Structures are given as structure tokens and as C-alpha cells.
file final-v6.cif (mmCIF, C-alpha atoms and all ligand atoms)
data_protein
loop_
_atom_site.group_PDB
_atom_site.id
_atom_site.type_symbol
_atom_site.label_atom_id
_atom_site.label_comp_id
_atom_site.auth_asym_id
_atom_site.auth_seq_id
_atom_site.Cartn_x
_atom_site.Cartn_y
_atom_site.Cartn_z
ATOM 1 C CA MET N 1 -18.444 23.237 15.544
ATOM 2 C CA GLU N 2 -21.106 20.557 15.928
ATOM 3 C CA LEU N 3 -19.974 16.918 15.754
ATOM 4 C CA GLN N 4 -22.904 16.279 13.438
ATOM 5 C CA THR N 5 -21.033 18.302 10.779
ATOM 6 C CA PHE N 6 -18.546 15.432 10.376
ATOM 7 C CA TYR N 7 -21.260 12.810 9.936
ATOM 8 C CA LYS N 8 -23.605 14.471 7.489
ATOM 9 C CA ASP N 9 -25.325 11.310 6.247
ATOM 10 C CA TRP N 10 -25.899 10.060 9.751
ATOM 11 C CA LYS N 11 -28.063 11.179 12.603
ATOM 12 C CA LEU N 12 -26.010 11.687 15.763
ATOM 13 C CA LEU N 13 -28.163 10.269 18.568
ATOM 14 C CA PHE N 14 -25.835 11.059 21.471
ATOM 15 C CA TYR N 15 -22.177 10.840 22.399
ATOM 16 C CA SER N 16 -19.903 10.296 25.375
ATOM 17 C CA VAL N 17 -16.324 11.392 26.026
ATOM 18 C CA ASP N 18 -13.913 10.002 28.572
ATOM 19 C CA ARG N 19 -10.146 10.311 29.033
ATOM 20 C CA SER N 20 -9.252 7.841 26.288
ATOM 21 C CA CYS N 21 -12.029 7.787 23.724
ATOM 22 C CA VAL N 22 -15.061 9.379 22.154
ATOM 23 C CA LYS N 23 -18.125 7.254 21.510
ATOM 24 C CA LEU N 24 -20.589 8.482 18.938
ATOM 25 C CA TYR N 25 -23.969 6.790 18.694
ATOM 26 C CA ILE N 26 -25.319 7.215 15.189
ATOM 27 C CA GLN N 27 -27.933 5.836 12.845
ATOM 28 C CA SER N 28 -28.523 6.116 9.134
ATOM 29 C CA GLN N 29 -30.885 8.804 7.832
ATOM 30 C CA GLN N 30 -31.752 6.784 4.739
ATOM 31 C CA LYS N 31 -35.289 5.429 4.736
ATOM 32 C CA SER N 32 -34.471 2.492 2.487
ATOM 33 C CA ASN N 33 -31.493 0.405 1.500
ATOM 34 C CA LEU N 34 -30.518 -1.604 -1.581
ATOM 35 C CA CYS N 35 -30.554 -5.401 -1.391
ATOM 36 C CA PRO N 36 -27.004 -6.591 -2.251
ATOM 37 C CA SER N 37 -28.399 -9.541 -4.267
ATOM 38 C CA CYS N 38 -31.076 -7.978 -6.481
ATOM 39 C CA ASN N 39 -30.172 -4.287 -6.037
ATOM 40 C CA MET N 40 -33.816 -3.416 -5.337
ATOM 41 C CA PRO N 41 -34.629 -0.899 -2.553
ATOM 42 C CA SER N 42 -36.421 -1.997 0.589
ATOM 43 C CA SER N 43 -37.721 0.017 3.551
ATOM 44 C CA TYR N 44 -39.223 -2.944 5.335
ATOM 45 C CA VAL N 45 -37.136 -3.174 8.550
ATOM 46 C CA HIS N 46 -36.601 -6.644 10.007
ATOM 47 C CA SER N 47 -34.595 -5.701 13.138
ATOM 48 C CA ARG N 48 -31.954 -3.383 14.553
ATOM 49 C CA TYR N 49 -28.628 -4.063 16.215
ATOM 50 C CA TRP N 50 -25.513 -2.229 17.380
ATOM 51 C CA ARG N 51 -22.136 -2.536 15.717
ATOM 52 C CA VAL N 52 -18.908 -0.743 16.597
ATOM 53 C CA ILE N 53 -16.621 0.811 13.985
ATOM 54 C CA GLN N 54 -13.441 2.750 14.688
ATOM 55 C CA ASP N 55 -12.934 6.141 13.034
ATOM 56 C CA ILE N 56 -10.027 8.610 12.864
ATOM 57 C CA THR N 57 -9.115 10.332 16.111
ATOM 58 C CA ILE N 58 -10.349 13.635 17.504
ATOM 59 C CA LEU N 59 -7.647 15.487 19.542
ATOM 60 C CA SER N 60 -5.711 12.159 19.776
ATOM 61 C CA LEU N 61 -8.715 10.497 21.414
ATOM 62 C CA GLN N 62 -9.859 7.236 19.838
ATOM 63 C CA VAL N 63 -13.259 7.506 18.177
ATOM 64 C CA PHE N 64 -15.719 4.625 18.092
ATOM 65 C CA LEU N 65 -18.896 4.827 16.090
ATOM 66 C CA HIS N 66 -21.675 2.842 17.730
ATOM 67 C CA VAL N 67 -23.908 2.352 14.749
ATOM 68 C CA ARG N 68 -27.551 1.458 15.183
ATOM 69 C CA ALA N 69 -27.674 -0.693 12.092
ATOM 70 C CA ARG N 70 -30.757 -2.245 10.531
ATOM 71 C CA LYS N 71 -31.636 -5.462 8.794
ATOM 72 C CA PHE N 72 -34.161 -5.272 5.993
ATOM 73 C CA PHE N 73 -36.499 -7.758 4.386
ATOM 74 C CA CYS N 74 -36.116 -8.096 0.646
ATOM 75 C CA ASP N 75 -39.639 -8.600 -0.695
ATOM 76 C CA HIS N 76 -38.629 -8.823 -4.340
ATOM 77 C CA SER N 77 -40.196 -12.089 -5.484
ATOM 78 C CA ALA N 78 -37.331 -13.074 -7.824
ATOM 79 C CA CYS N 79 -34.651 -12.574 -5.145
ATOM 80 C CA SER N 80 -33.335 -15.507 -3.145
ATOM 81 C CA GLN N 81 -32.132 -13.292 -0.261
ATOM 82 C CA ARG N 82 -34.847 -12.706 2.327
ATOM 83 C CA ILE N 83 -32.949 -10.529 4.850
ATOM 84 C CA PHE N 84 -29.988 -8.215 4.391
ATOM 85 C CA THR N 85 -28.071 -5.685 6.501
ATOM 86 C CA GLU N 86 -27.726 -2.073 5.439
ATOM 87 C CA ARG N 87 -24.490 -1.218 3.666
ATOM 88 C CA PRO N 88 -23.233 2.339 3.875
ATOM 89 C CA SER N 89 -20.526 1.698 1.285
ATOM 90 C CA ASP N 90 -19.202 5.275 1.249
ATOM 91 C CA TRP N 91 -18.163 5.069 4.882
ATOM 92 C CA TRP N 92 -17.025 1.477 5.391
ATOM 93 C CA PRO N 93 -17.178 -1.781 3.470
ATOM 94 C CA PRO N 94 -19.384 -4.660 4.641
ATOM 95 C CA TYR N 95 -18.142 -6.418 7.802
ATOM 96 C CA ALA N 96 -15.429 -3.777 8.325
ATOM 97 C CA ARG N 97 -14.412 -2.628 11.789
ATOM 98 C CA ARG N 98 -12.770 0.583 10.575
ATOM 99 C CA THR N 99 -14.067 3.477 8.481
ATOM 100 C CA ASN N 100 -12.578 3.893 5.006
ATOM 101 C CA ARG N 101 -10.782 7.108 6.024
ATOM 102 C CA LEU N 102 -9.133 5.391 8.996
ATOM 103 C CA THR N 103 -8.022 2.495 6.763
ATOM 104 C CA THR N 104 -6.639 5.033 4.245
ATOM 105 C CA PHE N 105 -4.637 6.728 7.019
ATOM 106 C CA LEU N 106 -3.223 3.399 8.231
ATOM 107 C CA LYS N 107 -2.341 2.415 4.647
ATOM 108 C CA HIS N 108 -0.332 5.643 4.290
ATOM 109 C CA LEU N 109 1.643 4.651 7.379
ATOM 110 C CA ALA N 110 2.012 1.053 6.165
ATOM 111 C CA PHE N 111 3.456 2.082 2.803
ATOM 112 C CA SER N 112 5.644 4.873 4.219
ATOM 113 C CA LEU N 113 7.261 3.142 7.193
ATOM 114 C CA SER N 114 8.352 -0.294 8.337
ATOM 115 C CA ALA N 115 5.589 -2.307 10.016
ATOM 116 C CA GLU N 116 7.225 -1.972 13.457
ATOM 117 C CA THR N 117 7.675 1.806 13.093
ATOM 118 C CA ALA N 118 4.147 2.238 11.727
ATOM 119 C CA SER N 119 2.832 0.411 14.794
ATOM 120 C CA LYS N 120 4.726 2.784 17.131
ATOM 121 C CA VAL N 121 3.585 5.896 15.208
ATOM 122 C CA SER N 122 -0.045 4.746 15.125
ATOM 123 C CA LYS N 123 -0.004 4.392 18.925
ATOM 124 C CA GLN N 124 1.236 7.983 19.195
ATOM 125 C CA TYR N 125 -1.748 9.033 17.071
ATOM 126 C CA GLY N 126 -4.139 7.187 19.381
ATOM 127 C CA ILE N 127 -4.842 4.366 16.908
ATOM 128 C CA PRO N 128 -3.014 1.333 18.291
ATOM 129 C CA ALA N 129 -2.412 -1.252 15.567
ATOM 130 C CA SER N 130 0.071 -4.119 15.611
ATOM 131 C CA ALA N 131 2.907 -4.601 13.114
ATOM 132 C CA ASP N 132 1.029 -7.665 11.815
ATOM 133 C CA SER N 133 -2.013 -5.472 11.106
ATOM 134 C CA PHE N 134 0.122 -3.225 8.905
ATOM 135 C CA LEU N 135 1.589 -6.216 7.050
ATOM 136 C CA TYR N 136 -1.974 -7.475 6.523
ATOM 137 C CA LEU N 137 -2.991 -4.111 5.012
ATOM 138 C CA ILE N 138 -0.042 -4.253 2.602
ATOM 139 C CA ARG N 139 -0.764 -7.845 1.544
ATOM 140 C CA LYS N 140 -4.456 -7.044 1.048
ATOM 141 C CA GLU N 141 -3.729 -4.139 -1.311
ATOM 142 C CA GLU N 142 -4.523 -5.031 -4.886
ATOM 143 C CA ILE N 143 -1.528 -4.859 -7.220
ATOM 144 C CA PRO N 144 -2.369 -3.092 -10.497
ATOM 145 C CA PRO N 145 -1.727 -5.185 -13.628
ATOM 146 C CA ILE N 146 1.550 -4.520 -15.441
ATOM 147 C CA THR N 147 0.988 -2.615 -18.666
ATOM 148 C CA GLN N 148 3.454 -3.191 -21.502
ATOM 149 C CA PRO N 149 6.584 -1.344 -20.325
ATOM 150 C CA ILE N 150 8.985 0.233 -22.848
ATOM 151 C CA ILE N 151 11.894 1.577 -20.781
ATOM 152 C CA ILE N 152 12.830 -0.332 -17.659
ATOM 153 C CA GLY N 153 15.633 -0.457 -15.128
ATOM 154 C CA ILE N 154 16.829 -3.574 -13.288
ATOM 155 C CA ASP N 155 18.974 -3.724 -10.170
ATOM 156 C CA ASP N 156 19.708 -5.788 -7.073
ATOM 157 C CA TRP N 157 17.166 -5.796 -4.275
ATOM 158 C CA ALA N 158 18.035 -7.003 -0.778
ATOM 159 C CA MET N 159 15.491 -9.393 0.688
ATOM 160 C CA LYS N 160 17.879 -9.761 3.645
ATOM 161 C CA LYS N 161 20.844 -7.400 3.442
ATOM 162 C CA GLY N 162 24.156 -9.193 3.017
ATOM 163 C CA GLN N 163 22.463 -12.599 2.735
ATOM 164 C CA ARG N 164 19.752 -12.868 0.121
ATOM 165 C CA TYR N 165 19.293 -10.749 -2.994
ATOM 166 C CA GLY N 166 16.668 -10.648 -5.689
ATOM 167 C CA SER N 167 16.075 -8.191 -8.536
ATOM 168 C CA ILE N 168 13.822 -5.177 -8.702
ATOM 169 C CA VAL N 169 12.460 -4.025 -12.064
ATOM 170 C CA CYS N 170 11.160 -0.452 -12.409
ATOM 171 C CA ASP N 171 9.224 1.182 -15.215
ATOM 172 C CA LEU N 172 11.347 4.273 -15.824
ATOM 173 C CA GLN N 173 8.504 6.129 -17.527
ATOM 174 C CA THR N 174 6.079 5.821 -14.617
ATOM 175 C CA GLN N 175 8.952 5.815 -12.068
ATOM 176 C CA LYS N 176 7.355 2.859 -10.280
ATOM 177 C CA PRO N 177 8.572 -0.653 -9.423
ATOM 178 C CA ILE N 178 6.711 -3.300 -11.397
ATOM 179 C CA VAL N 179 8.102 -6.608 -10.159
ATOM 180 C CA LEU N 180 10.411 -8.180 -7.589
ATOM 181 C CA LEU N 181 12.195 -11.249 -8.936
ATOM 182 C CA GLU N 182 13.252 -14.032 -6.567
ATOM 183 C CA ASN N 183 16.914 -13.938 -7.609
ATOM 184 C CA ARG N 184 19.267 -12.297 -10.136
ATOM 185 C CA THR N 185 20.143 -15.281 -12.299
ATOM 186 C CA VAL N 186 20.212 -15.220 -16.104
ATOM 187 C CA GLN N 187 17.262 -17.622 -16.262
ATOM 188 C CA GLU N 188 15.038 -15.640 -13.838
ATOM 189 C CA VAL N 189 15.698 -12.345 -15.636
ATOM 190 C CA SER N 190 15.340 -13.720 -19.182
ATOM 191 C CA ASN N 191 12.127 -15.639 -18.355
ATOM 192 C CA TRP N 192 10.476 -12.467 -17.041
ATOM 193 C CA LEU N 193 11.667 -10.310 -19.959
ATOM 194 C CA ARG N 194 10.244 -12.741 -22.550
ATOM 195 C CA LYS N 195 6.730 -11.871 -21.304
ATOM 196 C CA TYR N 196 7.178 -8.217 -22.333
ATOM 197 C CA PRO N 197 8.315 -7.874 -25.951
ATOM 198 C CA SER N 198 7.350 -4.165 -25.750
ATOM 199 C CA ILE N 199 10.567 -3.429 -23.829
ATOM 200 C CA GLN N 200 12.984 -1.352 -25.921
ATOM 201 C CA VAL N 201 15.531 -0.080 -23.389
ATOM 202 C CA VAL N 202 16.932 -1.674 -20.227
ATOM 203 C CA THR N 203 19.219 0.149 -17.823
ATOM 204 C CA ARG N 204 21.356 -1.992 -15.510
ATOM 205 C CA ASP N 205 24.511 -2.154 -13.425
ATOM 206 C CA GLY N 206 27.725 -3.755 -14.671
ATOM 207 C CA SER N 207 26.555 -7.297 -13.814
ATOM 208 C CA THR N 208 27.348 -9.851 -16.518
ATOM 209 C CA GLU N 209 24.366 -11.917 -15.290
ATOM 210 C CA TYR N 210 21.955 -9.084 -16.082
ATOM 211 C CA ALA N 211 23.673 -8.401 -19.409
ATOM 212 C CA LYS N 212 23.302 -12.047 -20.451
ATOM 213 C CA GLY N 213 19.740 -12.305 -19.090
ATOM 214 C CA ILE N 214 18.678 -9.248 -21.121
ATOM 215 C CA ARG N 215 20.409 -10.581 -24.281
ATOM 216 C CA GLU N 216 18.552 -13.899 -23.952
ATOM 217 C CA GLY N 217 15.144 -12.609 -22.828
ATOM 218 C CA CYS N 218 14.919 -9.404 -24.824
ATOM 219 C CA PRO N 219 17.618 -9.471 -27.555
ATOM 220 C CA HIS N 220 16.265 -6.417 -29.414
ATOM 221 C CA ALA N 221 16.488 -4.146 -26.323
ATOM 222 C CA VAL N 222 19.233 -1.549 -25.980
ATOM 223 C CA GLN N 223 21.260 -2.034 -22.793
ATOM 224 C CA ILE N 224 22.446 1.080 -20.970
ATOM 225 C CA THR N 225 24.553 1.359 -17.853
ATOM 226 C CA ASP N 226 22.442 3.354 -15.423
ATOM 227 C CA ARG N 227 23.617 6.766 -14.291
ATOM 228 C CA TRP N 228 24.203 5.793 -10.644
ATOM 229 C CA HIS N 229 26.471 2.874 -11.526
ATOM 230 C CA LEU N 230 28.195 4.877 -14.271
ATOM 231 C CA PHE N 231 29.181 7.649 -11.830
ATOM 232 C CA HIS N 232 29.956 5.120 -9.096
ATOM 233 C CA ASN N 233 32.347 3.197 -11.360
ATOM 234 C CA LEU N 234 33.845 6.419 -12.747
ATOM 235 C CA THR N 235 34.461 7.745 -9.198
ATOM 236 C CA GLN N 236 36.148 4.481 -8.184
ATOM 237 C CA LYS N 237 38.421 4.540 -11.263
ATOM 238 C CA VAL N 238 39.342 8.218 -10.720
ATOM 239 C CA GLU N 239 40.133 7.486 -7.038
ATOM 240 C CA GLN N 240 42.343 4.531 -8.001
ATOM 241 C CA PHE N 241 44.121 6.642 -10.643
ATOM 242 C CA LEU N 242 44.721 9.549 -8.256
ATOM 243 C CA LYS N 243 46.025 7.222 -5.505
ATOM 244 C CA LYS N 244 48.527 5.697 -7.955
ATOM 245 C CA ALA N 245 49.492 9.127 -9.349
ATOM 246 C CA PHE N 246 50.064 10.630 -5.878
ATOM 247 C CA LEU N 247 52.061 7.561 -4.834
ATOM 248 C CA ALA N 248 54.242 7.858 -7.968
ATOM 249 C CA ILE N 249 54.796 11.593 -7.351
ATOM 250 C CA PHE N 250 55.596 10.902 -3.694
ATOM 251 C CA LEU N 251 58.180 8.255 -4.651
ATOM 252 C CA LEU N 252 59.742 10.591 -7.243
ATOM 253 C CA VAL N 253 60.066 13.348 -4.628
ATOM 254 C CA LEU N 254 61.744 10.898 -2.212
ATOM 255 C CA GLN N 255 64.238 9.760 -4.874
ATOM 256 C CA SER N 256 65.160 13.291 -5.974
HETATM 257 ZN ZN ZN V 1 -33.097 -8.925 -2.963
#
call {"tool": "encode", "arguments": {"input": "final-v6.cif", "output": "C-alpha cells", "more": "lines below"}}
Ligand SMILES: [Zn+2]
result
Amino acid sequence: MELQTFYKDWKLLFYSVDRSCVKLYIQSQQKSNLCPSCNMPSSYVHSRYWRVIQDITILSLQVFLHVRARKFFCDHSACSQRIFTERPSDWWPPYARRTNRLTTFLKHLAFSLSAETASKVSKQYGIPASADSFLYLIRKEEIPPITQPIIIGIDDWAMKKGQRYGSIVCDLQTQKPIVLLENRTVQEVSNWLRKYPSIQVVTRDGSTEYAKGIREGCPHAVQITDRWHLFHNLTQKVEQFLKKAFLAIFLLVLQS
């Protein structure tokens, strides 16, 4: 299969392959480009330059696109921008050093693994990226606004296991977390709940702090012990009962 097949909108000028990477030299096939300020097309080329953008791997070899990019004049009289660079938005955003599909792949790793593990896995795939790069991708991701939740669940969330705990709140209808609270105090929980009068049902563990926080912040909501904690508590009680029962039977047998 021709390499050109993977870069349909681009003209593949030439390429080189060595033991570690593939370099593809490409240029846009579009005759004109839209000015980012006035959105008017221009085909009046000012200059050309090379930029390097990393793409997903081929056979575990790193792929670098050497793009022969152009700068255009904007000759629209009402526009304040005189020169602009071409922006192939479908492939990579302005000023990016990675293609969108490579960024998407790295984001999948970032949100599926710890930053350190993602860094190790990415190296195995021939795309070395540091743990800090993965943390940067996570922080850069836009968080969707919280819609008015109706049924939520609240539970402890370990910021540092055994040392520092906050609270995680999940929308049980979308099955997604919606907020991480700094701690699990009555005030923190009730302050957050007051912002969402739409909440009708809250599931929680047996914590009296949560119970009080929900009563203060969302007094009309029905509180339900969540299934995990219900079974966990039930199992503990049954175990305690059976231990006592077996001990009593054992003592009776000894006495008889
Ligand atoms: Zn313009």
C-alpha cells in the first residue's frame, strides 16, 4: 500500500526510513487558505518554511512529518492581519507538535494508566513521552460542565492512601464522577449539595458526617445506603455472629 494513502489531503514529496524513524516530507494540496482573523481565503503566498510534527508510529518506528508549510498574505482591506500561516485544522491544531490522532492515542493512555506507567507503555510503542507530559495532557483536557444531577452517590476518595481523604461524587445515571471534594466534612459536603437542588436521591456509606452533610445541604433528598456498603456491613455482622455462635457451641461441647 502506498504511504500517500494515509495522507490523502497532502502531497507526499519524498520520505526516508532509518532504524528508528520514518520521515515523511509533505505539503498541502490546497491552493488557498483561510485567514484566521477575517476568515477570507487567500492564495497569495508570502513564504515557505519547514516544520516538524510527530504522527502515530508505523511498525513501531517513530514517524515525523516534515511539513513544507506556507505563509500567506491577507489582502482583505478590512483585515488587520497582513500575514498568516496555513492551518490544517483537521490534522493538528495551530502551533502543535503532534497530530490530533497521536494526541488522541496519548490521551487514551493518560486516562487509562498512571502517568509513570503510561510513560513506560508509550516508549514500548515507539512514542517516548514523559510522565509530566501525560499529566499535562490530563490537566489540559476540558472538563464538561455539570448538568443538574438527580441521583448521586458520595464516597471517600484517597488523595494519598492512609493519609489524606476527600470525597468523590458520581452521577449514578450517567455512571460518571462529577466532582472531587477536598475533604469529607459536613460543611464541604453540604456547601456543594446546596448548588444542586435538582438532587433527589443520595447513596452513601454509613458515615454520620455524610448523613449530616446531606441533611443540611439537600434536606429533601432521600438517603440510601449504597449496595457495596450494605453487603459489606451485612457480611461483617454475619461473620461476627457466626464466630460468637461457633464459640458458644464449642464451649457447650467442652462442658458436656
Ligand atoms: Zn485577514
call {"tool": "resolve_selection", "arguments": {"input": "final-v6.cif", "expression": "the PyMOL selection byres (((chain N and resi 47) around 12) and not hetatm)", "output": "PDB file with C-alpha atoms, in the frame of the given file"}}
result
ATOM      1  CA  SER N  43     -37.721   0.017   3.551  1.00  0.00           C
ATOM      2  CA  TYR N  44     -39.223  -2.944   5.335  1.00  0.00           C
ATOM      3  CA  VAL N  45     -37.136  -3.174   8.550  1.00  0.00           C
ATOM      4  CA  HIS N  46     -36.601  -6.644  10.007  1.00  0.00           C
ATOM      5  CA  ARG N  48     -31.954  -3.383  14.553  1.00  0.00           C
ATOM      6  CA  TYR N  49     -28.628  -4.063  16.215  1.00  0.00           C
ATOM      7  CA  TRP N  50     -25.513  -2.229  17.380  1.00  0.00           C
ATOM      8  CA  ARG N  68     -27.551   1.458  15.183  1.00  0.00           C
ATOM      9  CA  ALA N  69     -27.674  -0.693  12.092  1.00  0.00           C
ATOM     10  CA  ARG N  70     -30.757  -2.245  10.531  1.00  0.00           C
ATOM     11  CA  LYS N  71     -31.636  -5.462   8.794  1.00  0.00           C
ATOM     12  CA  PHE N  72     -34.161  -5.272   5.993  1.00  0.00           C
ATOM     13  CA  PHE N  73     -36.499  -7.758   4.386  1.00  0.00           C
ATOM     14  CA  ILE N  83     -32.949 -10.529   4.850  1.00  0.00           C
ATOM     15  CA  PHE N  84     -29.988  -8.215   4.391  1.00  0.00           C
ATOM     16  CA  THR N  85     -28.071  -5.685   6.501  1.00  0.00           C
ATOM     17  CA  GLU N  86     -27.726  -2.073   5.439  1.00  0.00           C
TER      18      GLU N  86
END
call {"tool": "closest_atom_pairs", "arguments": {"input": "final-v6.cif", "of": "chain N", "to": "ligand ZN 1 (chain V)", "cutoff": "7 Å", "atoms": "all atoms listed in the file", "output": "JSON lines"}}
result
{"residue": "N:Cys35", "atom": "CA", "partner": "V:ZN1", "partner_atom": "ZN", "distance": 4.6}
{"residue": "N:Pro36", "atom": "CA", "partner": "V:ZN1", "partner_atom": "ZN", "distance": 6.6}
{"residue": "N:Ser37", "atom": "CA", "partner": "V:ZN1", "partner_atom": "ZN", "distance": 4.9}
{"residue": "N:Cys38", "atom": "CA", "partner": "V:ZN1", "partner_atom": "ZN", "distance": 4.2}
{"residue": "N:Asn39", "atom": "CA", "partner": "V:ZN1", "partner_atom": "ZN", "distance": 6.3}
{"residue": "N:Met40", "atom": "CA", "partner": "V:ZN1", "partner_atom": "ZN", "distance": 6.0}
{"residue": "N:Cys74", "atom": "CA", "partner": "V:ZN1", "partner_atom": "ZN", "distance": 4.8}
{"residue": "N:Asp75", "atom": "CA", "partner": "V:ZN1", "partner_atom": "ZN", "distance": 6.9}
{"residue": "N:His76", "atom": "CA", "partner": "V:ZN1", "partner_atom": "ZN", "distance": 5.7}
{"residue": "N:Cys79", "atom": "CA", "partner": "V:ZN1", "partner_atom": "ZN", "distance": 4.5}
{"residue": "N:Ser80", "atom": "CA", "partner": "V:ZN1", "partner_atom": "ZN", "distance": 6.6}
{"residue": "N:Gln81", "atom": "CA", "partner": "V:ZN1", "partner_atom": "ZN", "distance": 5.2}
{"residue": "N:Arg82", "atom": "CA", "partner": "V:ZN1", "partner_atom": "ZN", "distance": 6.7}
call {"tool": "resolve_selection", "arguments": {"input": "final-v6.cif", "expression": "the PyMOL selection byres (((chain N and resi 135) around 12) and not hetatm)", "output": "PyMOL selection string"}}
result
chain N and resi 106-107+109-111+113-119+129-134+136-141
call {"tool": "atom_distance", "arguments": {"input": "final-v6.cif", "atom1": "CA of Lys8 (chain N)", "atom2": "CA of Leu65 (chain N)"}}
result
13.8 Å
call {"tool": "residues_around", "arguments": {"input": "final-v6.cif", "residues": "Ile26 (chain N)", "least_positions_apart": "6", "cutoff": "7 Å", "atoms": "all atoms listed in the file", "output": "mmCIF file with C-alpha atoms, in the coordinates of the input"}}
result
data_model
loop_
_atom_site.group_PDB
_atom_site.id
_atom_site.type_symbol
_atom_site.label_atom_id
_atom_site.label_comp_id
_atom_site.auth_asym_id
_atom_site.auth_seq_id
_atom_site.Cartn_x
_atom_site.Cartn_y
_atom_site.Cartn_z
ATOM 1 C CA TRP N 10 -25.899 10.060 9.751
ATOM 2 C CA LYS N 11 -28.063 11.179 12.603
ATOM 3 C CA LEU N 12 -26.010 11.687 15.763
ATOM 4 C CA LEU N 13 -28.163 10.269 18.568
ATOM 5 C CA LEU N 65 -18.896 4.827 16.090
ATOM 6 C CA HIS N 66 -21.675 2.842 17.730
ATOM 7 C CA VAL N 67 -23.908 2.352 14.749
ATOM 8 C CA ARG N 68 -27.551 1.458 15.183
#
